[in-house]
$ cat input10.txt   # compact mmCIF, C-alpha atoms
# COMPACT_ATOMS: atom_id res chain seq x y z
CA MET G 1 257.35 -45.47 95.63
CA PRO G 2 256.09 -43.32 98.53
CA GLU G 3 255.18 -45.38 101.56
CA ASP G 4 251.66 -45.49 102.83
CA ARG G 5 251.08 -43.90 106.20
CA ASP G 6 250.77 -45.96 109.35
CA TRP G 7 247.11 -47.00 109.33
CA GLU G 8 247.09 -47.64 113.08
CA VAL G 9 248.09 -44.07 113.90
CA TYR G 10 246.29 -42.09 111.25
CA LYS G 11 242.94 -43.84 111.16
CA ALA G 12 240.78 -43.33 108.10
CA PRO G 13 237.21 -42.37 109.04
CA PRO G 14 234.63 -45.11 108.45
CA THR G 15 233.08 -44.85 104.99
CA ARG G 16 229.39 -44.02 104.92
CA THR G 17 228.62 -44.18 101.19
CA PRO G 18 224.95 -45.01 100.62
CA VAL G 19 223.92 -47.90 98.37
CA PRO G 20 223.05 -46.38 94.98
CA GLU G 21 219.60 -46.97 93.48
CA LYS G 22 219.65 -46.87 89.69
CA SER G 23 216.63 -45.06 88.27
CA THR G 24 217.71 -44.84 84.62
CA SER G 25 218.77 -47.52 82.17
CA LEU G 26 221.62 -45.35 80.82
CA PRO G 27 225.13 -46.46 81.80
CA ASN G 28 226.83 -44.33 84.43
CA PRO G 29 229.63 -42.36 82.71
CA VAL G 30 231.58 -42.30 85.96
CA HIS G 31 231.91 -46.08 85.82
CA ILE G 32 233.10 -45.82 82.22
CA PHE G 33 235.75 -43.28 83.15
CA GLN G 34 236.83 -45.39 86.10
CA ALA G 35 237.16 -48.47 83.92
CA ALA G 36 239.07 -46.51 81.26
CA PHE G 37 241.44 -45.07 83.88
CA SER G 38 241.96 -48.50 85.37
CA TYR G 39 242.81 -50.15 82.05
CA VAL G 40 244.93 -47.34 80.62
CA PHE G 41 246.89 -46.18 83.68
CA ASP G 42 246.34 -48.29 86.75
CA ARG G 43 246.86 -51.82 85.39
CA PRO G 44 250.03 -51.21 83.32
CA VAL G 45 251.65 -49.19 86.09
CA THR G 46 250.77 -51.75 88.75
CA PHE G 47 252.05 -54.55 86.54
CA PHE G 48 255.34 -52.75 85.96
CA ARG G 49 255.73 -51.99 89.65
CA GLU G 50 255.04 -55.59 90.63
CA TRP G 51 257.57 -56.79 88.05
CA ILE G 52 260.14 -54.46 89.60
CA GLU G 53 259.32 -55.78 93.07
CA ARG G 54 259.78 -59.37 91.85
CA GLN G 55 263.28 -58.37 90.70
CA HIS G 56 263.91 -56.80 94.13
CA ALA G 57 262.74 -59.90 95.96
CA LYS G 58 265.48 -62.02 94.36
CA ASN G 59 268.22 -60.51 96.58
CA LYS G 60 266.94 -58.79 99.67
CA PHE G 61 269.19 -56.81 101.97
CA TYR G 62 268.41 -54.71 104.98
CA TYR G 63 269.34 -51.47 106.60
CA TYR G 64 269.15 -50.62 110.28
CA HIS G 65 268.74 -47.58 112.46
CA GLN G 66 271.99 -47.00 114.30
CA LYS G 67 271.87 -47.17 118.09
CA PHE G 68 274.46 -45.00 119.78
CA ARG G 69 275.82 -45.73 123.26
CA ARG G 70 275.18 -43.08 125.88
CA VAL G 71 278.33 -41.21 126.92
CA PRO G 72 278.80 -38.91 129.95
CA ASP G 73 276.90 -35.68 129.59
CA LEU G 74 278.52 -32.25 129.43
CA SER G 75 277.62 -31.68 133.08
CA GLU G 76 279.59 -34.81 134.03
CA CYS G 77 282.76 -33.77 132.18
CA MET G 78 285.78 -32.49 134.09
CA GLU G 79 287.07 -29.05 133.26
CA GLY G 80 289.65 -29.13 130.46
CA ASP G 81 288.69 -32.67 129.36
CA TYR G 82 288.30 -31.81 125.68
CA LEU G 83 287.65 -35.39 124.61
CA CYS G 84 284.71 -35.63 127.01
CA PHE G 85 283.46 -32.28 125.65
CA PHE G 86 283.65 -33.60 122.07
CA GLU G 87 281.69 -36.76 122.85
CA ALA G 88 279.11 -34.89 124.92
CA GLU G 89 278.69 -32.35 122.11
CA ALA G 90 278.16 -35.12 119.52
CA GLN G 91 275.59 -36.76 121.79
CA TRP G 92 273.80 -33.45 122.35
CA ARG G 93 273.56 -32.84 118.61
CA ARG G 94 272.12 -36.31 118.03
CA ASP G 95 269.59 -35.75 120.81
CA ARG G 96 268.62 -32.39 119.30
CA MET G 97 268.01 -34.02 115.92
CA VAL G 98 265.85 -36.68 117.58
CA ASP G 99 263.87 -33.97 119.41
CA GLN G 100 263.32 -32.07 116.16
CA GLU G 101 261.93 -35.22 114.56
CA ILE G 102 259.66 -35.81 117.57
CA VAL G 103 258.24 -32.29 117.26
CA ALA G 104 257.74 -32.78 113.53
CA ILE G 105 255.86 -36.07 114.11
CA VAL G 106 253.58 -34.56 116.74
CA ARG G 107 252.88 -31.58 114.46
CA GLU G 108 252.11 -33.96 111.58
CA ARG G 109 249.68 -35.91 113.77
CA PHE G 110 247.84 -32.72 114.67
CA ALA G 111 247.68 -31.64 111.04
CA ALA G 112 246.36 -35.09 110.05
CA CYS G 113 243.74 -34.87 112.76
CA GLN G 114 242.69 -31.42 111.54
CA GLN G 115 242.43 -32.66 107.97
CA ARG G 116 240.49 -35.73 109.03
CA GLU G 117 237.97 -34.02 111.30
CA GLY G 118 237.40 -30.91 109.24
CA PRO G 119 234.85 -28.72 111.06
CA ASN G 120 234.87 -30.92 114.18
CA GLN G 121 238.56 -30.37 114.80
CA PHE G 122 238.25 -28.14 117.85
CA GLN G 123 236.36 -30.80 119.79
CA ASN G 124 237.91 -34.02 118.51
CA CYS G 125 241.57 -32.99 118.23
CA ALA G 126 241.97 -31.68 121.79
CA LYS G 127 244.39 -34.47 122.76
CA GLU G 128 246.66 -33.88 119.77
CA MET G 129 246.56 -30.13 120.34
CA GLU G 130 247.49 -30.56 124.01
CA GLN G 131 250.34 -32.87 123.07
CA LEU G 132 251.64 -30.41 120.44
CA VAL G 133 251.48 -27.52 122.91
CA GLN G 134 253.40 -29.48 125.55
CA VAL G 135 256.03 -30.79 123.13
CA THR G 136 256.69 -27.42 121.50
CA LYS G 137 256.87 -25.71 124.88
CA ALA G 138 259.39 -28.28 126.09
CA TYR G 139 261.45 -27.93 122.89
CA GLN G 140 261.40 -24.14 123.16
CA ASP G 141 262.47 -24.30 126.81
CA LYS G 142 265.37 -26.57 126.06
CA TYR G 143 266.70 -25.53 122.64
CA GLY G 144 264.76 -22.30 122.14
CA ASP G 145 266.83 -19.15 121.75
CA LEU G 146 270.26 -20.70 121.49
CA GLY G 147 270.64 -19.42 117.91
CA ALA G 148 272.40 -20.98 114.94
CA HIS G 149 275.66 -21.54 116.84
CA GLY G 150 273.99 -23.19 119.79
CA ASN G 151 276.00 -26.04 121.27
CA ALA G 152 275.88 -28.25 124.32
CA ARG G 153 277.66 -25.64 126.45
CA THR G 154 275.18 -22.82 125.68
CA CYS G 155 272.28 -25.23 126.24
CA LEU G 156 273.72 -26.18 129.65
CA MET G 157 274.11 -22.51 130.54
CA LYS G 158 270.49 -21.89 129.54
CA GLN G 159 269.42 -24.77 131.79
CA LYS G 160 271.47 -23.30 134.63
CA HIS G 161 269.79 -19.91 134.22
CA ARG G 162 266.39 -21.57 134.09
CA MET G 163 267.09 -23.38 137.37
CA ILE G 164 268.31 -20.13 138.98
CA GLU G 165 265.12 -18.37 137.89
CA GLU G 166 263.04 -21.25 139.23
CA ARG G 167 264.81 -21.10 142.55
CA LYS G 168 264.36 -17.32 142.77
CA ALA G 169 260.68 -17.66 141.94
CA GLN G 170 260.30 -20.29 144.61
CA GLU G 171 262.00 -18.08 147.19
CA ASN G 172 259.75 -15.18 146.26
CA ALA G 173 256.73 -17.47 146.53
CA ASP G 174 257.88 -18.67 149.96
CA GLN G 175 258.35 -15.18 151.32
CA MET O 1 231.02 -30.50 53.76
CA ALA O 2 229.94 -28.83 50.56
CA ALA O 3 229.09 -25.70 52.47
CA MET O 4 232.54 -25.75 54.10
CA SER O 5 234.41 -25.91 50.76
CA LEU O 6 232.19 -23.14 49.31
CA LEU O 7 233.03 -20.99 52.31
CA LEU O 8 236.75 -21.63 51.99
CA ARG O 9 236.72 -20.89 48.26
CA ALA O 10 234.82 -17.67 48.87
CA ALA O 11 237.32 -16.65 51.54
CA ALA O 12 240.27 -17.36 49.24
CA ALA O 13 238.69 -15.35 46.41
CA TRP O 14 237.97 -12.44 48.76
CA GLY O 15 241.52 -12.53 50.03
CA ALA O 16 243.00 -12.61 46.55
CA ARG O 17 240.78 -9.72 45.46
CA ARG O 18 241.82 -7.70 48.52
CA ALA O 19 245.52 -8.40 47.96
CA ALA O 20 245.26 -7.54 44.25
CA ALA O 21 243.55 -4.25 45.05
CA GLY O 22 246.27 -3.46 47.58
CA ALA O 23 249.13 -4.34 45.22
CA ALA O 24 247.61 -2.21 42.40
CA GLY O 25 248.39 0.96 44.32
CA GLY O 26 245.98 1.11 47.22
CA VAL O 27 246.95 2.47 50.59
CA ARG O 28 248.55 -0.24 52.67
CA LEU O 29 248.29 0.01 56.39
CA ALA O 30 251.62 0.56 58.12
CA GLY O 31 251.07 -2.27 60.57
CA ALA O 32 250.66 -4.99 57.93
CA ALA O 33 253.74 -7.02 58.76
CA ARG O 34 254.41 -9.64 56.19
CA LEU O 35 257.50 -11.56 55.09
CA PRO O 36 258.84 -10.18 51.79
CA GLY O 37 257.90 -12.62 49.05
CA ALA O 38 254.46 -13.61 50.45
CA VAL O 39 252.22 -11.52 48.23
CA ALA O 40 248.83 -13.18 48.60
CA PRO O 41 247.43 -16.40 50.12
CA ILE O 42 248.12 -18.77 47.24
CA ARG O 43 247.47 -22.50 47.42
CA HIS O 44 249.32 -25.28 45.60
CA SER O 45 251.87 -23.02 43.86
CA SER O 46 255.67 -22.81 43.82
CA HIS O 47 257.44 -20.68 46.40
CA GLY O 48 257.16 -16.93 46.27
CA LYS O 49 260.08 -14.86 45.10
CA ARG O 50 263.35 -16.18 46.59
CA MET O 51 264.65 -13.66 49.10
CA PHE O 52 267.81 -13.34 51.17
CA ILE O 53 266.24 -12.68 54.57
CA ILE O 54 268.44 -10.57 56.77
CA LYS O 55 268.15 -11.42 60.45
CA ALA O 56 270.54 -11.56 63.45
CA THR O 57 272.82 -14.60 63.55
CA SER O 58 271.73 -17.62 65.55
CA PHE O 59 275.02 -19.46 64.88
CA TYR O 60 276.59 -18.82 68.27
CA ASP O 61 273.39 -19.50 70.21
CA SER O 62 272.65 -22.76 68.47
CA ARG O 63 276.29 -23.84 68.71
CA PHE O 64 276.23 -23.15 72.43
CA LEU O 65 273.00 -25.05 72.97
CA ASN O 66 274.22 -27.98 70.90
CA LEU O 67 277.47 -28.19 72.82
CA LEU O 68 275.60 -27.84 76.14
CA ARG O 69 273.27 -30.70 75.27
CA PHE O 70 276.15 -32.81 74.01
CA TYR O 71 278.30 -32.45 77.13
CA ILE O 72 275.40 -32.86 79.51
CA PHE O 73 274.18 -36.02 77.81
CA LEU O 74 277.69 -37.42 77.37
CA THR O 75 277.79 -38.39 81.05
CA GLY O 76 274.15 -37.80 81.87
CA ILE O 77 272.76 -40.63 79.78
CA PRO O 78 275.14 -43.34 81.04
CA ALA O 79 274.60 -42.14 84.61
CA ALA O 80 270.83 -42.18 84.19
CA LEU O 81 270.94 -45.68 82.66
CA PHE O 82 273.18 -46.99 85.43
CA ILE O 83 271.01 -45.49 88.17
CA THR O 84 267.86 -46.88 86.53
CA TYR O 85 269.46 -50.33 86.31
CA VAL O 86 270.43 -50.19 90.00
CA ASN O 87 266.99 -49.00 91.09
CA ILE O 88 265.14 -51.66 89.09
CA PHE O 89 267.30 -54.75 89.43
CA ILE O 90 269.01 -54.24 92.79
CA GLY O 91 266.52 -52.10 94.66
CA GLU O 92 266.66 -50.28 97.96
CA ALA O 93 267.22 -51.94 101.31
CA GLU O 94 264.39 -52.68 103.70
CA LEU O 95 264.28 -51.40 107.24
CA ALA O 96 264.70 -54.13 109.83
CA GLU O 97 265.30 -54.37 113.56
CA ILE O 98 268.89 -55.13 114.52
CA PRO O 99 268.97 -58.86 115.30
CA GLU O 100 270.10 -59.97 118.75
CA GLY O 101 273.84 -60.19 119.15
CA TYR O 102 274.54 -58.83 115.64
CA VAL O 103 276.60 -55.69 115.14
CA PRO O 104 275.81 -54.26 111.68
CA GLU O 105 278.67 -53.03 109.51
CA TYR O 106 278.88 -49.28 109.15
CA TRP O 107 277.57 -49.34 105.55
CA GLU O 108 274.47 -51.26 106.53
CA TYR O 109 272.94 -48.10 107.94
CA TYR O 110 272.19 -46.67 104.48
CA LYS O 111 269.16 -47.41 102.31
CA HIS O 112 270.15 -46.87 98.68
CA PRO O 113 272.58 -49.46 97.22
CA ILE O 114 274.80 -46.78 95.66
CA SER O 115 275.06 -44.95 99.03
CA ARG O 116 275.96 -48.26 100.66
CA TRP O 117 278.64 -48.91 98.03
CA ILE O 118 280.13 -45.42 98.45
CA ALA O 119 280.11 -45.77 102.25
CA ARG O 120 281.71 -49.19 102.03
CA TYR O 121 284.43 -48.68 99.42
CA LEU O 122 285.12 -44.96 99.18
CA LEU O 123 284.56 -43.45 102.60
CA ASP O 124 286.14 -44.25 105.95
CA PRO O 125 283.99 -45.74 108.71
CA PRO O 126 282.49 -42.96 110.86
CA GLU O 127 284.10 -44.53 113.93
CA LYS O 128 287.50 -43.94 112.33
CA ASP O 129 286.65 -40.29 111.58
CA TYR O 130 285.43 -39.86 115.15
CA GLU O 131 288.61 -41.34 116.60
CA LYS O 132 290.77 -39.22 114.26
CA ALA O 133 288.99 -36.08 115.44
CA MET O 134 289.43 -37.11 119.07
CA ALA O 135 293.13 -37.82 118.48
CA LEU O 136 293.67 -34.35 117.01
CA LEU O 137 291.82 -32.80 119.93
CA ASP O 138 293.92 -34.82 122.38
CA ILE O 139 297.19 -33.67 120.76
CA GLU O 140 296.09 -30.05 120.78
CA ALA O 141 294.89 -30.28 124.38
CA LYS O 142 298.23 -31.72 125.47
CA LYS O 143 300.09 -29.00 123.58
CA THR O 144 298.00 -26.33 125.28
CA GLU O 145 298.66 -27.88 128.68
CA MET O 146 302.40 -28.07 128.02
CA ARG O 147 302.53 -24.45 126.87
CA LEU O 148 300.66 -23.24 129.94
CA MET O 149 302.91 -25.24 132.25
CA GLU O 150 306.00 -23.84 130.54
CA LEU O 151 304.75 -20.29 130.97
CA GLU O 152 304.01 -20.93 134.65
CA ALA O 153 307.45 -22.49 135.23
CA ARG O 154 309.13 -19.54 133.54
CA ARG O 155 307.20 -17.09 135.66
CA LEU O 156 308.04 -18.88 138.89
CA MET O 157 311.70 -19.36 138.07
CA ARG O 158 312.03 -15.72 137.12
CA ALA O 159 310.29 -14.63 140.32
CA ARG O 160 312.00 -17.03 142.76
CA GLY O 161 315.32 -17.29 141.02
CA ASP O 162 315.95 -20.82 142.33
CA GLY O 163 315.49 -22.75 139.11
CA PRO O 164 317.76 -23.70 136.22
CA TRP O 165 316.35 -20.92 133.98
CA TYR O 166 317.09 -17.23 134.29
CA HIS O 167 320.62 -17.92 135.51
CA TYR O 168 322.81 -14.95 134.92
CA GLU O 169 326.54 -15.60 135.46
CA THR O 170 328.01 -13.28 138.10
CA PRO O 171 331.73 -12.94 138.95
CA ASP O 172 333.12 -15.01 141.82
CA LYS O 173 332.59 -13.29 145.20
CA ASN O 174 336.17 -14.14 146.26
CA LEU O 175 337.42 -11.75 143.62
CA THR O 176 335.80 -8.74 145.25
CA ASP O 177 338.09 -6.44 147.20
CA ASP O 178 336.39 -5.54 150.50
CA SER O 179 339.33 -3.52 151.83
CA LEU O 180 337.78 -0.22 150.76
CA LYS O 181 334.60 -0.85 152.72
CA ALA O 182 336.19 -2.98 155.53
CA THR O 183 336.32 -0.17 158.07
CA PRO O 184 333.60 2.36 158.72
CA ASP O 185 335.82 5.44 158.32
CA ASN O 186 336.76 4.96 154.62

$ encode --input "input10.txt" --output "structure tokens"
Amino acid sequence: MPEDRDWEVYKAPPTRTPVPEKSTSLPNPVHIFQAAFSYVFDRPVTFFREWIERQHAKNKFYYYHQKFRRVPDLSECMEGDYLCFFEAEAQWRRDRMVDQEIVAIVRERFAACQQREGPNQFQNCAKEMEQLVQVTKAYQDKYGDLGAHGNARTCLMKQKHRMIEERKAQENADQ
Amino acid sequence: MAAMSLLLRAAAAWGARRAAAGAAGGVRLAGAARLPGAVAPIRHSSHGKRMFIIKATSFYDSRFLNLLRFYIFLTGIPAALFITYVNIFIGEAELAEIPEGYVPEYWEYYKHPISRWIARYLLDPPEKDYEKAMALLDIEAKKTEMRLMELEARRLMRARGDGPWYHYETPDKNLTDDSLKATPDN
């Protein structure tokens, strides 16, 4: 059963349906269709689903999100210490996966805001847009053009080059 | 209703007349594709003339499809039933925060009960795989180090000549006869 979204994060807009005023004595066919749908599809399916959940509730068990200990980074590893390299590489890959999920969540929030606001999106979604721009820029800076075979070592080298460029730019600015 | 049956009867009569006129020797259009034996639209009669219809064999195709369905369903249906039973009566795990002071087992990080079972009984714990990989790396790293040190030792002993390797046996220096070169005028 697909989970509902987090109602605190993706707020539904307040409903503004007007109170209907009946002017005819004919029954509203929409109500008939809604009742038919409810009796034919909604009620049996909901009943079946609740029966299944009663079976599930008899023996509950849980799963957890694994928390990994932090190990020394690649920049703290001695040269030739292949075990330290291995652990740092594994940690870097886990961190990259987490960062990819973060970018996906921020992008999803922006898309939800767009969908929600419709024509008002450019005014009301400025915060989400700013957040998306910052997060994608940071991701691109860190993991950007490493390619398919990017690993912790190439990422560290990219960081080193970035710092060199920064330092050069600062020196040129000082001059 | 009466009008409908009149219409149908009129259509049948027209069709029969048209077919009779065609069969009597009229020009038949070349595109009139019809199964041999179906002469005219006839209702409530026995079959037309019995024909041996010649068409390409469907024996191999239908045999293949039958066998395909049989072998797919042979394991597919029990698997589907088992998975349905597990999903309905056992159900997936719920996400929970790790309680204080509790270290979950390595299979308790999966949601579906079949994944948990496979992780618990068939696969090794990921910590064991991690340590095995690190052990292999350690062995290879030590081998590399040993090989490099051996190469360095060989190089130095060959260059300096003061080590146990690269010893070439030379004759005893007491055996040499210096009398030929003892005086400068020889």

$ interface_residues --input "input10.txt" --of "chain G" --to "chain O" --cutoff "10 Å" --atoms "all atoms listed in the file" --output "PyMOL selection string"
chain G and resi 49+51-67+80-84+86-87+90

$ atom_distance --input "input10.txt" --atom1 "CA of Ala148 (chain G)" --atom2 "CA of Cys77 (chain G)"
23.8 Å

$ residues_near_point --input "input10.txt" --point "(280.0, -29.9, 123.3)" --cutoff "7 Å" --atoms "only C-alpha atoms" --output "number ranges by chain"
G: 74, 85-86, 88-90, 151-153

$ atom_distance --input "input10.txt" --atom1 "CA of Met157 (chain G)" --atom2 "CA of Thr144 (chain O)"
24.8 Å

$ atom_distance --input "input10.txt" --atom1 "CA of Met129 (chain G)" --atom2 "CA of Ile102 (chain G)"
14.5 Å

$ closest_residue --input "input10.txt" --among "G:Glu50, G:Arg116, G:Glu108, G:Ile32" --to "Gln131 (chain G)" --atoms "only C-alpha atoms"
G:Glu108

$ closest_residue --input "input10.txt" --among "G:Arg167, G:His31, G:Ala173, G:Gln159" --to "Ser75 (chain G)" --atoms "all atoms listed in the file"
G:Gln159
